[in-house]
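Heads up, the thing below is written out as structure tokens.
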Amino acid sequence: EPLFSGPAAARCSTSSVRTLWLPPRGPQSFLLAGGADRKVRHWSLDPEHHTSEAYVVTPPDPMSPREKGGCKTASYSASCVDNAVVVQEQTDFLPQRAEGPSRGTSPPPVGRGPNPNHRDAILDMCMVTLESHFLVTAGRDGLVKLWR
């Protein structure tokens, strides 16, 4: 039996999906999902690319002081549950090695500038075309943001 269920559980969860967006025209090969964790994710609808084309669209949050010595990584796995493909994101924190980053890599940026993300859940999103395409997100924080 779930610990929480119903609308109150959705408000408590930091991983609930609050809005979905599909391209209105052309092939619907992906969808975007926005949620309580203030992130927008791209999910492939192509069975051959469920995990390889899954990623977070919005920029990473500046790292907390606890995380400044490493970086967060996300990986994706797919499984079939009751005839539905379920793709899950797993996030891990990789501490930086004492001798520094390996050759050919640079350390992750650490907390530069203001946080560009919403301060609360993303509740709605759409695409607009001006001179180029923009993703528009609306958050529970009262902000509307345009993303290239």
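In the structure tokens, chains take letters A, B, ... by order of appearance, with residues numbered from 1 within each chain and ligands from 1 in the order shown.
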Near region 43-45 of chain A, counting only C-alpha atoms, which residues have an atom at most 7 Å away, once you skip same-chain residues fewer than 5 positions from it, shown as a list in words?
Ser29, Phe30, Leu31, Leu32, His50, Glu53 and Ala54 of chain A
Contacts of Asp141 (chain A) within 9 Å, only C-alpha atoms, excl. fewer than 6 positions in-chain, as a ChimeraX atom specification:
/A:118-122
Take the selection from the previous step and output its residues with N, CA and C atoms, as a PDB file, in the first residue's frame.
```pdb
ATOM      1  N   HIS A 118      13.186  27.494 -12.476  1.00  0.00           N
ATOM      2  CA  HIS A 118      12.064  27.886 -11.623  1.00  0.00           C
ATOM      3  C   HIS A 118      12.391  27.594 -10.170  1.00  0.00           C
ATOM      4  N   ARG A 119      11.774  28.333  -9.265  1.00  0.00           N
ATOM      5  CA  ARG A 119      11.984  28.108  -7.829  1.00  0.00           C
ATOM      6  C   ARG A 119      10.962  27.146  -7.247  1.00  0.00           C
ATOM      7  N   ASP A 120       9.962  26.762  -8.055  1.00  0.00           N
ATOM      8  CA  ASP A 120       8.945  25.810  -7.621  1.00  0.00           C
ATOM      9  C   ASP A 120       8.513  25.005  -8.847  1.00  0.00           C
ATOM     10  N   ALA A 121       7.528  24.148  -8.690  1.00  0.00           N
ATOM     11  CA  ALA A 121       7.105  23.205  -9.737  1.00  0.00           C
ATOM     12  C   ALA A 121       6.744  23.909 -11.039  1.00  0.00           C
ATOM     13  N   ILE A 122       7.046  23.251 -12.159  1.00  0.00           N
ATOM     14  CA  ILE A 122       6.610  23.703 -13.483  1.00  0.00           C
ATOM     15  C   ILE A 122       5.205  23.164 -13.684  1.00  0.00           C
TER      16      ILE A 122
END
```
Rank nothing, just name the residue among A:Cys126, A:Leu146, A:Val87, A:Ser15 nearest to Asp46 (chain A), using only C-alpha atoms.
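Closest to Asp46 (chain A), using only C-alpha atoms: A:Val87.
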Check the smallest atom-to-atom distance from each of A:Val57, A:Trp147, A:Leu135, A:Asp124 to Arg18 (chain A) using only C-alpha atoms, then report the winner.
A:Asp124
Considering only C-alpha atoms, return as a CSV table (one decimal) with N, CA and C atoms, in the first residue's frame whatever protein or nucleic-acid residues lie within 10 Å of Pro116 (chain A), sequence-local ones (same chain, fewer than 6 positions apart) excluded.
```csv
chain,number,residue,atom,x,y,z
A,58,THR,N,16.4,21.6,-19.1
A,58,THR,CA,16.8,22.8,-18.4
A,58,THR,C,18.2,22.7,-17.8
A,59,PRO,N,18.8,23.8,-17.6
A,59,PRO,CA,20.2,23.8,-17.0
A,59,PRO,C,20.3,23.2,-15.6
A,60,PRO,N,21.4,22.7,-15.2
A,60,PRO,CA,21.5,22.2,-13.9
A,60,PRO,C,21.5,23.3,-12.9
A,61,ASP,N,21.0,23.0,-11.7
A,61,ASP,CA,21.0,24.0,-10.6
A,61,ASP,C,22.4,24.2,-10.1
A,62,PRO,N,22.8,25.4,-9.6
A,62,PRO,CA,24.1,25.6,-9.0
A,62,PRO,C,24.3,24.5,-7.9
A,145,LYS,N,9.0,31.6,-18.0
A,145,LYS,CA,10.3,31.6,-18.6
A,145,LYS,C,10.3,31.1,-20.0
A,147,TRP,N,12.8,29.6,-23.0
A,147,TRP,CA,14.0,28.8,-23.2
A,147,TRP,C,14.3,28.6,-24.6
```
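Our summary of the geometry notes that CA of Arg25 (chain A) is positioned 24.1 Å from CA of Lys39 (chain A).
Distance-wise, CA of Pro27 (chain A) and CA of Glu48 (chain A) end up 15.4 Å apart.
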